[in-house]
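Peer 1: One file: protein_27.cif (mmCIF, C-alpha atoms).
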data_data
loop_
_atom_site.label_atom_id
_atom_site.label_comp_id
_atom_site.auth_asym_id
_atom_site.auth_seq_id
_atom_site.Cartn_x
_atom_site.Cartn_y
_atom_site.Cartn_z
CA MET A 26 48.30 53.44 15.02
CA THR A 27 47.99 51.14 17.97
CA GLN A 28 50.62 52.86 20.07
CA PRO A 29 49.10 55.71 22.11
CA LYS A 30 51.14 58.83 21.97
CA GLN A 31 53.82 59.30 24.57
CA ASP A 32 55.92 62.17 25.65
CA ALA A 33 59.22 62.12 23.92
CA PRO A 34 61.74 61.16 26.60
CA ALA A 35 63.83 64.29 26.78
CA VAL A 36 67.04 63.15 28.33
CA GLY A 37 70.71 63.56 27.74
CA SER A 38 73.14 60.98 26.53
CA LEU A 39 74.77 58.29 28.58
CA THR A 40 78.51 57.85 28.48
CA GLY A 41 80.53 55.05 29.92
CA THR A 42 84.22 55.72 30.31
CA LYS A 43 87.00 53.24 30.97
CA LEU A 44 84.61 50.71 32.46
CA ALA A 45 85.98 47.55 33.99
CA ALA A 46 84.06 44.61 35.40
CA LEU A 47 85.25 42.11 37.94
CA ARG A 48 83.38 38.91 38.64
CA SER A 49 84.78 37.00 41.59
CA GLU A 50 88.35 38.13 40.96
CA ARG A 51 88.06 37.55 37.22
CA LEU A 52 88.43 40.55 34.97
CA ILE A 53 85.63 40.38 32.40
CA PHE A 54 86.41 43.51 30.43
CA ARG A 55 88.29 46.74 30.91
CA ASP A 56 88.83 50.13 29.31
CA LEU A 57 85.42 49.86 27.77
CA ASP A 58 84.01 53.12 26.45
CA PHE A 59 80.58 53.65 24.99
CA HIS A 60 78.35 56.54 24.20
CA LEU A 61 74.59 56.42 23.83
CA ALA A 62 72.94 59.52 22.43
CA PRO A 63 69.16 59.99 22.23
CA GLY A 64 67.85 57.84 19.41
CA GLY A 65 70.88 55.60 19.45
CA VAL A 66 71.12 51.85 19.63
CA VAL A 67 74.17 49.91 20.71
CA VAL A 68 74.20 46.23 19.87
CA LEU A 69 76.55 44.21 22.04
CA LYS A 70 78.40 41.42 20.30
CA GLY A 71 80.97 38.99 21.49
CA PRO A 72 81.35 35.34 22.36
CA ASN A 73 79.69 33.78 25.40
CA GLY A 74 81.22 35.03 28.59
CA SER A 75 82.61 38.19 27.05
CA GLY A 76 80.56 40.28 29.45
CA LYS A 77 77.47 41.35 27.52
CA SER A 78 75.13 40.59 30.39
CA THR A 79 77.62 41.99 32.87
CA LEU A 80 77.76 45.28 31.00
CA LEU A 81 73.98 45.48 30.84
CA ARG A 82 73.68 44.78 34.56
CA MET A 83 76.33 47.39 35.18
CA VAL A 84 74.49 50.03 33.21
CA ALA A 85 71.31 49.00 35.03
CA GLY A 86 73.16 49.67 38.25
CA PHE A 87 73.02 46.21 39.78
CA LEU A 88 76.76 46.00 39.53
CA GLU A 89 79.23 48.68 40.48
CA PRO A 90 81.93 49.27 37.87
CA ALA A 91 85.28 48.09 39.24
CA GLU A 92 86.69 51.08 37.45
CA GLY A 93 85.39 53.85 35.27
CA THR A 94 82.26 55.96 35.28
CA LEU A 95 78.76 55.98 33.89
CA VAL A 96 77.41 59.48 33.51
CA TRP A 97 74.30 61.05 32.05
CA SER A 98 75.17 64.25 30.23
CA ASP A 99 72.27 66.18 31.74
CA ARG A 100 72.68 65.04 35.33
CA PRO A 101 75.50 65.19 37.83
CA ALA A 102 77.10 61.86 38.58
CA GLU A 103 75.78 61.96 42.15
CA ASP A 104 72.21 61.67 40.87
CA GLU A 105 73.10 58.45 39.14
CA GLU A 106 70.95 56.36 41.46
CA GLU A 107 67.86 58.40 40.83
CA SER A 108 68.44 58.60 37.08
CA ARG A 109 68.64 54.85 36.99
CA LEU A 110 65.31 54.27 38.67
CA THR A 111 63.42 56.56 36.37
CA ARG A 112 65.27 56.07 33.13
CA ILE A 113 65.96 52.41 32.71
CA CYS A 114 63.88 49.47 31.62
CA TYR A 115 65.83 46.26 32.01
CA LEU A 116 64.84 42.99 30.44
CA GLY A 117 67.08 40.12 31.41
CA HIS A 118 67.31 36.43 30.69
CA LEU A 119 64.46 35.70 33.06
CA ASP A 120 60.93 36.51 32.03
CA ALA A 121 59.62 37.58 35.44
CA VAL A 122 56.23 36.21 34.46
CA LYS A 123 54.20 34.80 37.34
CA PRO A 124 52.54 31.52 36.31
CA VAL A 125 49.41 32.03 38.43
CA PHE A 126 48.63 35.43 36.95
CA THR A 127 47.05 35.94 33.58
CA VAL A 128 49.14 37.51 30.86
CA ARG A 129 47.32 40.78 31.28
CA GLU A 130 47.73 40.80 35.06
CA ASN A 131 51.43 40.22 34.63
CA VAL A 132 51.90 43.13 32.27
CA ALA A 133 49.48 45.36 34.18
CA PHE A 134 51.40 44.87 37.41
CA TRP A 135 54.65 46.10 35.92
CA ALA A 136 52.82 49.03 34.41
CA ARG A 137 51.25 50.00 37.73
CA LEU A 138 54.50 49.54 39.61
CA SER A 139 55.98 52.32 37.53
CA GLY A 140 52.89 54.42 38.13
CA LEU A 141 51.21 53.82 34.79
CA THR A 142 47.50 53.05 34.95
CA ASP A 143 46.47 53.60 31.34
CA GLU A 144 44.49 50.44 30.51
CA GLN A 145 44.51 51.17 26.79
CA ARG A 146 48.22 51.31 26.77
CA ILE A 147 48.39 47.89 28.40
CA ASP A 148 46.04 46.52 25.73
CA ALA A 149 48.15 48.11 23.01
CA ALA A 150 51.29 46.57 24.45
CA LEU A 151 49.66 43.15 24.49
CA SER A 152 48.39 43.33 20.94
CA ARG A 153 51.77 44.52 19.83
CA PHE A 154 53.11 41.05 20.55
CA ALA A 155 49.92 39.31 19.45
CA LEU A 156 48.98 38.43 23.00
CA ASP A 157 45.43 39.82 22.93
CA GLY A 158 43.98 36.38 22.42
CA LEU A 159 45.94 35.03 25.35
CA SER A 160 45.51 37.91 27.74
CA ASP A 161 43.14 36.05 30.06
CA GLN A 162 45.16 32.84 30.08
CA PRO A 163 47.12 32.06 33.22
CA ALA A 164 50.76 32.36 32.25
CA ARG A 165 51.53 28.80 33.31
CA PHE A 166 49.83 27.57 30.14
CA LEU A 167 52.09 29.62 27.90
CA SER A 168 54.89 28.29 25.77
CA ALA A 169 58.41 29.57 26.24
CA GLY A 170 58.06 31.94 23.31
CA GLN A 171 54.71 33.24 24.50
CA LYS A 172 56.15 33.85 27.96
CA ARG A 173 58.97 35.77 26.37
CA ARG A 174 56.44 37.86 24.48
CA ALA A 175 54.61 38.58 27.72
CA ALA A 176 57.93 39.77 29.16
CA LEU A 177 58.59 41.91 26.08
CA ALA A 178 55.14 43.46 26.31
CA ARG A 179 56.49 45.35 29.30
CA LEU A 180 58.43 47.51 26.88
CA GLY A 181 55.12 48.90 25.71
CA VAL A 182 54.16 50.07 29.19
CA THR A 183 57.31 51.86 30.21
CA ASP A 184 58.31 55.46 29.71
CA ALA A 185 61.94 54.76 30.46
CA PRO A 186 64.16 56.29 27.79
CA LEU A 187 66.86 53.65 28.02
CA TRP A 188 66.08 50.02 27.30
CA LEU A 189 68.56 47.36 28.30
CA LEU A 190 67.72 44.12 26.56
CA ASP A 191 69.61 40.94 27.28
CA GLU A 192 69.06 38.39 24.52
CA PRO A 193 65.48 39.54 23.99
CA THR A 194 64.88 37.23 21.05
CA VAL A 195 65.39 33.92 22.84
CA SER A 196 62.63 31.49 21.78
CA LEU A 197 60.82 34.12 19.72
CA ASP A 198 59.34 33.35 16.31
CA LYS A 199 60.08 35.45 13.23
CA ALA A 200 56.97 37.60 13.51
CA SER A 201 57.73 38.47 17.10
CA VAL A 202 61.33 39.33 16.30
CA ALA A 203 60.03 41.70 13.65
CA ALA A 204 57.54 43.19 16.13
CA LEU A 205 60.35 43.71 18.61
CA GLY A 206 62.51 45.31 15.94
CA SER A 207 59.82 47.78 14.96
CA LEU A 208 59.08 48.56 18.62
CA ILE A 209 62.74 49.39 19.20
CA ALA A 210 62.85 51.48 16.04
CA GLU A 211 59.80 53.47 17.19
CA HIS A 212 61.29 53.93 20.62
CA CYS A 213 64.45 55.34 19.11
CA GLY A 214 62.41 57.49 16.75
CA ARG A 215 60.96 59.14 19.86
CA GLY A 216 64.44 59.86 21.14
CA GLY A 217 64.79 56.73 23.21
CA MET A 218 67.91 54.63 23.46
CA ALA A 219 68.61 50.96 23.64
CA MET A 220 71.49 48.70 24.48
CA ILE A 221 70.89 45.21 23.22
CA ALA A 222 72.85 42.00 23.58
CA THR A 223 71.82 39.83 20.68
CA HIS A 224 73.19 37.62 17.96
CA ILE A 225 70.14 37.97 15.75
CA ASP A 226 69.53 40.70 13.23
CA LEU A 227 66.61 42.71 14.59
CA GLY A 228 66.16 44.57 11.30
CA LEU A 229 67.17 47.90 12.79
CA ALA A 230 67.98 50.58 10.24
CA GLN A 231 70.92 52.00 12.12
CA TYR A 232 72.81 50.91 15.12
CA ARG A 233 76.31 50.73 16.42
CA GLU A 234 78.02 47.51 17.26
CA LEU A 235 80.14 47.11 20.32
CA ASP A 236 82.31 44.03 20.24
CA LEU A 237 83.11 43.14 23.81
CA SER A 238 85.84 40.65 22.99
CA VAL A 239 88.06 43.65 22.17
CA PHE A 240 87.98 44.71 25.81
CA ALA A 241 88.47 41.26 27.25
CA GLY A 242 90.64 41.33 30.33
CA LYS A 243 93.28 38.88 31.32
CA VAL A 244 92.60 36.60 34.21
CA ALA A 245 93.69 38.44 37.31
CA ALA A 246 96.15 36.67 39.48
CA MET B 33 52.04 55.33 46.18
CA THR B 34 50.18 53.53 43.36
CA GLY B 35 53.27 51.42 42.92
CA PHE B 36 53.41 50.53 46.60
CA PHE B 37 49.80 49.41 46.81
CA SER B 38 49.89 47.55 43.53
CA LEU B 39 52.86 45.62 44.90
CA VAL B 40 51.01 44.74 48.12
CA ARG B 41 47.92 43.79 46.12
CA ARG B 42 49.96 41.63 43.80
CA ASP B 43 51.72 39.80 46.61
CA VAL B 44 48.48 39.13 48.48
CA LEU B 45 46.81 37.92 45.28
CA LEU B 46 49.81 35.78 44.48
CA ALA B 47 49.69 34.16 47.91
CA MET B 48 45.97 33.53 47.55
CA ARG B 49 46.19 32.05 44.07
CA GLN B 50 49.08 29.81 44.96
CA GLY B 51 47.24 28.89 48.12
CA GLY B 52 50.48 27.88 49.74
CA ALA B 53 52.09 29.97 52.41
CA GLY B 54 49.16 31.44 54.33
CA THR B 55 47.11 28.27 54.70
CA MET B 56 50.19 26.25 55.46
CA ALA B 57 51.23 28.62 58.23
CA VAL B 58 47.80 28.46 59.85
CA VAL B 59 47.62 24.67 59.66
CA PHE B 60 51.12 24.42 61.09
CA PHE B 61 50.14 26.84 63.85
CA VAL B 62 47.10 24.78 64.81
CA ILE B 63 48.96 21.47 64.72
CA ALA B 64 51.95 22.78 66.67
CA VAL B 65 49.72 24.18 69.40
CA THR B 66 47.63 20.99 69.62
CA LEU B 67 50.79 18.99 70.10
CA PHE B 68 51.46 20.62 73.46
CA PRO B 69 48.51 19.18 75.40
CA LEU B 70 49.46 15.81 73.96
CA GLY B 71 53.05 16.15 75.04
CA VAL B 72 52.70 18.00 78.32
CA GLY B 73 49.60 16.12 79.40
CA PRO B 74 46.05 17.36 79.80
CA GLU B 75 46.40 19.03 83.22
CA ILE B 76 44.28 22.13 82.90
CA ASP B 77 46.39 24.22 85.25
CA VAL B 78 49.64 23.49 83.46
CA LEU B 79 48.11 24.32 80.11
CA ARG B 80 46.64 27.51 81.45
CA ARG B 81 50.04 28.64 82.65
CA ILE B 82 51.91 27.90 79.43
CA SER B 83 49.12 28.90 77.03
CA SER B 84 50.37 32.35 76.05
CA GLY B 85 53.93 31.17 75.64
CA VAL B 86 52.93 28.19 73.51
CA ILE B 87 50.78 30.30 71.26
CA TRP B 88 53.55 32.84 70.78
CA VAL B 89 56.23 30.25 70.06
CA ALA B 90 54.00 28.46 67.58
CA ALA B 91 52.99 31.73 65.90
CA LEU B 92 56.60 32.71 65.57
CA LEU B 93 57.58 29.39 64.00
CA SER B 94 54.64 29.47 61.58
CA CYS B 95 55.60 32.95 60.55
CA LEU B 96 59.13 31.75 59.90
CA LEU B 97 57.83 28.98 57.69
CA SER B 98 56.86 31.27 54.84
CA LEU B 99 59.58 33.86 55.29
CA ASP B 100 62.22 32.15 53.16
CA ARG B 101 60.08 32.65 50.07
CA LEU B 102 59.50 36.33 50.82
CA PHE B 103 62.00 37.47 48.23
CA GLN B 104 63.26 34.20 46.84
CA ALA B 105 60.46 33.49 44.36
CA ASP B 106 60.86 36.94 42.87
CA PHE B 107 64.62 36.63 42.90
CA GLU B 108 64.54 33.37 40.98
CA ASP B 109 62.22 34.45 38.19
CA GLY B 110 63.86 37.83 37.68
CA SER B 111 61.01 39.88 39.14
CA LEU B 112 63.26 41.27 41.85
CA ASP B 113 65.60 42.75 39.22
CA LEU B 114 62.72 44.65 37.72
CA MET B 115 61.35 45.74 41.07
CA ALA B 116 64.75 47.06 42.05
CA LEU B 117 64.66 49.22 38.91
CA SER B 118 61.12 50.47 39.40
CA PRO B 119 60.58 54.01 40.63
CA LEU B 120 59.66 52.45 43.97
CA PRO B 121 62.75 52.62 46.20
CA LEU B 122 64.07 49.32 47.48
CA TRP B 123 63.12 50.06 51.11
CA ALA B 124 59.53 50.75 50.08
CA LEU B 125 59.53 47.50 48.20
CA VAL B 126 60.64 45.65 51.34
CA LEU B 127 57.97 47.44 53.35
CA GLY B 128 55.31 46.49 50.82
CA LYS B 129 56.38 42.87 50.78
CA CYS B 130 56.36 42.76 54.59
CA LEU B 131 52.87 44.23 54.67
CA ALA B 132 51.70 41.60 52.20
CA HIS B 133 53.41 38.89 54.24
CA TRP B 134 51.72 40.12 57.39
CA ILE B 135 48.32 40.13 55.72
CA THR B 136 48.70 36.66 54.24
CA THR B 137 50.50 34.91 57.11
CA ASN B 138 50.21 36.73 60.42
CA LEU B 139 46.67 38.02 60.12
CA PRO B 140 45.24 34.48 59.74
CA LEU B 141 47.32 33.44 62.76
CA ILE B 142 45.83 36.24 64.83
CA ILE B 143 42.34 35.16 63.76
CA VAL B 144 42.87 31.54 64.85
CA ALA B 145 44.76 32.40 68.02
CA PRO B 146 41.69 32.87 70.28
CA VAL B 147 40.38 29.44 69.32
CA LEU B 148 43.68 27.89 70.28
CA ALA B 149 43.67 29.94 73.47
CA ILE B 150 40.37 28.28 74.42
CA LEU B 151 41.92 24.92 73.64
CA LEU B 152 44.75 25.66 76.06
CA ASN B 153 42.34 26.91 78.71
CA MET B 154 43.65 30.46 78.71
CA PRO B 155 41.61 32.63 81.11
CA ALA B 156 39.15 34.78 79.23
CA ALA B 157 40.71 37.91 80.70
CA GLY B 158 43.87 37.18 78.74
CA PHE B 159 42.19 37.18 75.31
CA PRO B 160 42.22 40.92 74.63
CA ALA B 161 45.82 41.10 75.76
CA LEU B 162 46.77 38.17 73.51
CA LEU B 163 45.09 39.73 70.49
CA GLY B 164 46.48 43.17 71.24
CA ALA B 165 49.97 41.80 71.68
CA MET B 166 49.75 39.81 68.47
CA VAL B 167 48.42 42.73 66.44
CA LEU B 168 51.19 44.96 67.75
CA GLY B 169 53.99 42.40 67.79
CA THR B 170 53.57 40.28 64.68
CA PRO B 171 54.43 43.07 62.21
CA ALA B 172 57.84 43.09 63.86
CA LEU B 173 58.14 39.37 63.09
CA SER B 174 57.57 39.97 59.36
CA LEU B 175 59.87 42.96 59.31
CA ILE B 176 62.76 41.40 61.21
CA GLY B 177 62.28 38.25 59.15
CA ALA B 178 62.67 40.30 55.99
CA ILE B 179 66.26 41.08 56.96
CA GLY B 180 67.03 37.38 57.21
CA ALA B 181 65.08 36.62 54.04
CA SER B 182 67.03 39.17 52.03
CA LEU B 183 70.35 37.97 53.42
CA THR B 184 69.60 34.40 52.37
CA VAL B 185 67.77 35.19 49.13
CA ALA B 186 70.52 33.88 46.88
CA GLN B 187 71.03 30.71 48.92
CA ARG B 188 69.49 27.55 47.57
CA ARG B 189 68.59 26.22 50.98
CA GLY B 190 68.47 29.40 52.92
CA GLY B 191 65.57 28.31 55.11
CA VAL B 192 67.60 26.88 57.96
CA LEU B 193 70.16 29.66 57.86
CA LEU B 194 67.29 32.12 57.91
CA SER B 195 65.92 30.57 61.09
CA LEU B 196 69.32 30.76 62.74
CA LEU B 197 69.66 34.40 61.81
CA VAL B 198 66.18 35.48 62.70
CA LEU B 199 65.09 33.46 65.74
CA PRO B 200 67.48 35.15 68.20
CA LEU B 201 66.14 38.49 67.04
CA TYR B 202 62.61 37.34 67.82
CA VAL B 203 63.42 36.85 71.51
CA PRO B 204 62.26 40.29 72.73
CA VAL B 205 58.99 39.98 70.84
CA ILE B 206 58.18 36.65 72.41
CA ILE B 207 59.14 37.81 75.93
CA PHE B 208 56.87 40.81 75.86
CA GLY B 209 54.17 39.12 73.80
CA ALA B 210 53.74 36.26 76.23
CA GLY B 211 54.34 38.63 79.14
CA ALA B 212 51.36 40.78 78.21
CA VAL B 213 48.95 37.89 78.70
CA ASP B 214 50.61 36.72 81.91
CA ALA B 215 50.42 40.23 83.30
CA VAL B 216 46.69 40.52 82.74
CA VAL B 217 46.04 37.04 84.12
CA GLY B 218 48.13 37.92 87.16
CA GLY B 219 46.08 41.03 87.74
CA TYR B 220 48.41 43.65 86.33
CA SER B 221 48.03 45.95 83.38
CA ALA B 222 49.17 44.78 79.93
CA ALA B 223 49.76 48.34 78.80
CA PRO B 224 53.54 48.48 79.35
CA TYR B 225 54.01 45.23 77.46
CA LEU B 226 51.85 46.38 74.58
CA MET B 227 53.68 49.68 74.42
CA ILE B 228 57.03 47.96 74.22
CA LEU B 229 55.72 45.63 71.51
CA GLY B 230 54.45 48.65 69.62
CA ALA B 231 57.82 50.30 70.02
CA MET B 232 59.58 47.22 68.67
CA THR B 233 57.34 47.19 65.62
CA LEU B 234 57.93 50.88 65.00
CA PHE B 235 61.63 50.34 65.42
CA ALA B 236 61.51 47.49 62.91
CA VAL B 237 59.44 49.54 60.45
CA VAL B 238 62.21 52.08 60.30
CA LEU B 239 65.31 49.91 60.45
CA SER B 240 64.44 46.66 58.76
CA PRO B 241 63.61 48.07 55.30
CA ILE B 242 66.98 49.82 55.25
CA ALA B 243 68.90 46.72 56.33
CA SER B 244 66.92 44.50 54.04
CA ALA B 245 67.34 46.80 51.05
CA GLY B 246 71.09 46.76 51.60
CA ALA B 247 71.15 42.99 51.65
CA LEU B 248 69.02 42.76 48.51
CA LYS B 249 71.34 45.10 46.70
CA LEU B 250 74.22 42.77 47.45
CA ALA B 251 72.23 39.78 46.23
CA LEU B 252 71.40 41.46 42.92
CA ALA B 253 74.98 42.41 42.11
#
So, in terms of structure tokens, how does the structure I just supplied come out?

Peer 2:
Amino acid sequence: MTQPKQDAPAVGSLTGTKLAALRSERLIFRDLDFHLAPGGVVVLKGPNGSGKSTLLRMVAGFLEPAEGTLVWSDRPAEDEEESRLTRICYLGHLDAVKPVFTVRENVAFWARLSGLTDEQRIDAALSRFALDGLSDQPARFLSAGQKRRAALARLGVTDAPLWLLDEPTVSLDKASVAALGSLIAEHCGRGGMAMIATHIDLGLAQYRELDLSVFAGKVAA
Amino acid sequence: MTGFFSLVRRDVLLAMRQGGAGTMAVVFFVIAVTLFPLGVGPEIDVLRRISSGVIWVAALLSCLLSLDRLFQADFEDGSLDLMALSPLPLWALVLGKCLAHWITTNLPLIIVAPVLAILLNMPAAGFPALLGAMVLGTPALSLIGAIGASLTVAQRRGGVLLSLLVLPLYVPVIIFGAGAVDAVVGGYSAAPYLMILGAMTLFAVVLSPIASAGALKLALA
């Protein structure tokens, strides 16, 4: 077992009620409800522009819902800010990989920033995505897929119970997609949750689909 | 706290590896100051009188040179998203980035300043006051600059706008910074000037991270 043991993230469930998103006067979606219980995965589907990224950024707290609420079952809504900082690991379109740092330095920084200094865990996260051979390479020499893997390796060094993944499989090869799938499955096995925008089958045993085109709003006047 | 120092360490390392900002600011500083004797003429008395002012103006402009990248690089590659979601609060992040900016940009300026003071024939008595004023005053430059940098982070060419926003706010720093040297040369004590500079820095330490964090939040939405 390469993954060092972690504390099971004991948290409540996250519920979004009647969420609506506005982007420069344009209504992206509305009346969107979702429920994420420990161990659950929600896969976001929908055509381009249907608001998958917007929803993820909303759950991550970058974007205020135009309407509706996002509440953790075990915390009052006022603590939302604090819950967010300790409970969410967000992985967006951008890799956030610094070209002048080595792969290991990149991953290690994100680990330390969240207060994690376990070197073994960083190594485990790297080998998880077959990056051990590349760990001392400056990231500017990496291919797009390898950079993506370096970004994904961050998932191995976070204790956040909720993962928000925005198109995590872009430019990944089959083996890496499988590695990602098994990592997510393990995370959920420990009681973690994930919300994933993807069009690719990650090989997850059970998940719920949320089709965003159902909640598409009309263009506001 | 680990998170804070790992952020500072990372930013300093990043600046050193990229070799850009810090060296560029120092070279600009030296060139800008050397231009004055060429433009004003080599009269020793004139140079002596304007020396502290020239050094302060040049230091301020060199500092400005690297400010536009303070948050922008991290904003563009997605790092800022992740930092905003780290357990480190946004204001602490701003503070850490300012500290790193001060170490990589302003500290080298302070080190070269005495050499340039000799070049401009500043009386030896003014040296301690110049160094003291720079040590106390330049952190305020980084901190106030951070407000401008976070306001313009999403702008493609925010550099000029940043200067327009920030330069007027630098006025008090330059008045008391240059004043400290003039006071000592004129036979007075520099203490009141240094105290006011210290007060401005303390003021900026408290206020600028809050203002800057607010602006960053808007940029990430």

Peer 1: Using all atoms listed in the file, which residues sit within 8 Å of Tyr115 in chain A once same-chain residues fewer than 2 positions away are excluded, as a ChimeraX atom specification?

Peer 2: /A:85,113,117,188-190 /B:114,117

Peer 1: Can you check which residues of chain B have any atom within 9 Å of chain A? Use all atoms listed in the file and format it as a ChimeraX atom specification.

Peer 2: /B:33-39,42,45-46,49-50,106,108-121,249-250,252-253

Peer 1: Using C-alpha atoms, can you export the residues from the last selection as a tab-separated table (two decimals), keeping the file's coordinate frame?

Peer 2:
chain	number	residue	atom	x	y	z
B	33	MET	CA	52.04	55.33	46.18
B	34	THR	CA	50.18	53.53	43.36
B	35	GLY	CA	53.27	51.42	42.92
B	36	PHE	CA	53.41	50.53	46.60
B	37	PHE	CA	49.80	49.41	46.81
B	38	SER	CA	49.89	47.55	43.53
B	39	LEU	CA	52.86	45.62	44.90
B	42	ARG	CA	49.96	41.63	43.80
B	45	LEU	CA	46.81	37.92	45.28
B	46	LEU	CA	49.81	35.78	44.48
B	49	ARG	CA	46.19	32.05	44.07
B	50	GLN	CA	49.08	29.81	44.96
B	106	ASP	CA	60.86	36.94	42.87
B	108	GLU	CA	64.54	33.37	40.98
B	109	ASP	CA	62.22	34.45	38.19
B	110	GLY	CA	63.86	37.83	37.68
B	111	SER	CA	61.01	39.88	39.14
B	112	LEU	CA	63.26	41.27	41.85
B	113	ASP	CA	65.60	42.75	39.22
B	114	LEU	CA	62.72	44.65	37.72
B	115	MET	CA	61.35	45.74	41.07
B	116	ALA	CA	64.75	47.06	42.05
B	117	LEU	CA	64.66	49.22	38.91
B	118	SER	CA	61.12	50.47	39.40
B	119	PRO	CA	60.58	54.01	40.63
B	120	LEU	CA	59.66	52.45	43.97
B	121	PRO	CA	62.75	52.62	46.20
B	249	LYS	CA	71.34	45.10	46.70
B	250	LEU	CA	74.22	42.77	47.45
B	252	LEU	CA	71.40	41.46	42.92
B	253	ALA	CA	74.98	42.41	42.11

Peer 1: Please determine the residues with any atom at most 9 Å from (65.6, 33.1, 53.4) (coordinates as given in the file, with all atoms listed in the file counting) and report them as a JSON list (two decimals) with C-alpha atoms, in the coordinates of the input.

Peer 2:
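Okay, this is what ended up in point.json:
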[["chain", "number", "residue", "atom", "x", "y", "z"],
["B", 99, "LEU", "CA", 59.58, 33.86, 55.29],
["B", 100, "ASP", "CA", 62.22, 32.15, 53.16],
["B", 101, "ARG", "CA", 60.08, 32.65, 50.07],
["B", 102, "LEU", "CA", 59.50, 36.33, 50.82],
["B", 103, "PHE", "CA", 62.00, 37.47, 48.23],
["B", 104, "GLN", "CA", 63.26, 34.20, 46.84],
["B", 177, "GLY", "CA", 62.28, 38.25, 59.15],
["B", 178, "ALA", "CA", 62.67, 40.30, 55.99],
["B", 179, "ILE", "CA", 66.26, 41.08, 56.96],
["B", 180, "GLY", "CA", 67.03, 37.38, 57.21],
["B", 181, "ALA", "CA", 65.08, 36.62, 54.04],
["B", 182, "SER", "CA", 67.03, 39.17, 52.03],
["B", 183, "LEU", "CA", 70.35, 37.97, 53.42],
["B", 184, "THR", "CA", 69.60, 34.40, 52.37],
["B", 185, "VAL", "CA", 67.77, 35.19, 49.13],
["B", 186, "ALA", "CA", 70.52, 33.88, 46.88],
["B", 187, "GLN", "CA", 71.03, 30.71, 48.92],
["B", 188, "ARG", "CA", 69.49, 27.55, 47.57],
["B", 189, "ARG", "CA", 68.59, 26.22, 50.98],
["B", 190, "GLY", "CA", 68.47, 29.40, 52.92],
["B", 191, "GLY", "CA", 65.57, 28.31, 55.11],
["B", 192, "VAL", "CA", 67.60, 26.88, 57.96],
["B", 193, "LEU", "CA", 70.16, 29.66, 57.86],
["B", 194, "LEU", "CA", 67.29, 32.12, 57.91],
["B", 195, "SER", "CA", 65.92, 30.57, 61.09]]

Peer 1: Within 9 Å of Pro204 in chain B, counting only C-alpha atoms, which residues show up once you throw out same-chain ones fewer than 4 positions away? Write them as a VMD selection string, please.

Peer 2: chain B and resid 200 208 to 209 229 232

Peer 1: Between CA of Arg173 in chain A and CA of Ile221 in chain A, measure the distance and give it in Å to one decimal.

Peer 2: 15.5 Å

Peer 1: Just to confirm, what's the straight-line distance from CA of Gly128 in chain B to CA of Val40 in chain B in Å (one decimal)?

Peer 2: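 Rounded to one decimal, the two atoms are 5.4 Å apart.
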
Peer 1: Output the residue selection produced by the PyMOL selection byres ((chain A and resi 128) around 7) on the file above, formatted as a list in words.

Peer 2: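 With the PyMOL selection byres ((chain A and resi 128) around 7) on this model, the match is Phe126, Thr127, Arg129, Glu130, Asn131, Val132, Leu159, Ser160, Asp161, Gln162, Pro163, Ala164 and Ala175 of chain A.
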
Peer 1: List the residues matched by the PyMOL selection byres ((chain B and resi 64-81) around 6) in the displayed structure as a short mmCIF file (atom, residue, chain, number, x, y, z; two decimals) with C-alpha atoms, keeping the file's coordinate frame, ordered by chain and then by residue number.

Peer 2:
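Below is the file that was written, part09.cif:
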data_model
loop_
_atom_site.label_atom_id
_atom_site.label_comp_id
_atom_site.auth_asym_id
_atom_site.auth_seq_id
_atom_site.Cartn_x
_atom_site.Cartn_y
_atom_site.Cartn_z
CA PHE B 60 51.12 24.42 61.09
CA PHE B 61 50.14 26.84 63.85
CA VAL B 62 47.10 24.78 64.81
CA ILE B 63 48.96 21.47 64.72
CA ILE B 82 51.91 27.90 79.43
CA SER B 83 49.12 28.90 77.03
CA LEU B 152 44.75 25.66 76.06
CA ASN B 153 42.34 26.91 78.71
CA MET B 154 43.65 30.46 78.71
#

Peer 1: Between CA of Gly169 in chain B and CA of Trp134 in chain B, what is the distance, to one decimal in Å?

Peer 2: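 It comes out at 10.9 Å.
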
Peer 1: On this structure, the PyMOL selection byres ((chain B and resi 132) around 9) would catch which residues? List them as a PyMOL selection string, sorted by chain and number.

Peer 2: chain B and resi 39-44+47+127-131+133-137

Peer 1: Could you dump the residues just selected with C-alpha atoms as an mmCIF file, in the coordinates of the input?

Peer 2:
data_model
loop_
_atom_site.group_PDB
_atom_site.id
_atom_site.type_symbol
_atom_site.label_atom_id
_atom_site.label_comp_id
_atom_site.auth_asym_id
_atom_site.auth_seq_id
_atom_site.Cartn_x
_atom_site.Cartn_y
_atom_site.Cartn_z
ATOM 1 C CA LEU B 39 52.860 45.620 44.900
ATOM 2 C CA VAL B 40 51.010 44.740 48.120
ATOM 3 C CA ARG B 41 47.920 43.790 46.120
ATOM 4 C CA ARG B 42 49.960 41.630 43.800
ATOM 5 C CA ASP B 43 51.720 39.800 46.610
ATOM 6 C CA VAL B 44 48.480 39.130 48.480
ATOM 7 C CA ALA B 47 49.690 34.160 47.910
ATOM 8 C CA LEU B 127 57.970 47.440 53.350
ATOM 9 C CA GLY B 128 55.310 46.490 50.820
ATOM 10 C CA LYS B 129 56.380 42.870 50.780
ATOM 11 C CA CYS B 130 56.360 42.760 54.590
ATOM 12 C CA LEU B 131 52.870 44.230 54.670
ATOM 13 C CA HIS B 133 53.410 38.890 54.240
ATOM 14 C CA TRP B 134 51.720 40.120 57.390
ATOM 15 C CA ILE B 135 48.320 40.130 55.720
ATOM 16 C CA THR B 136 48.700 36.660 54.240
ATOM 17 C CA THR B 137 50.500 34.910 57.110
#
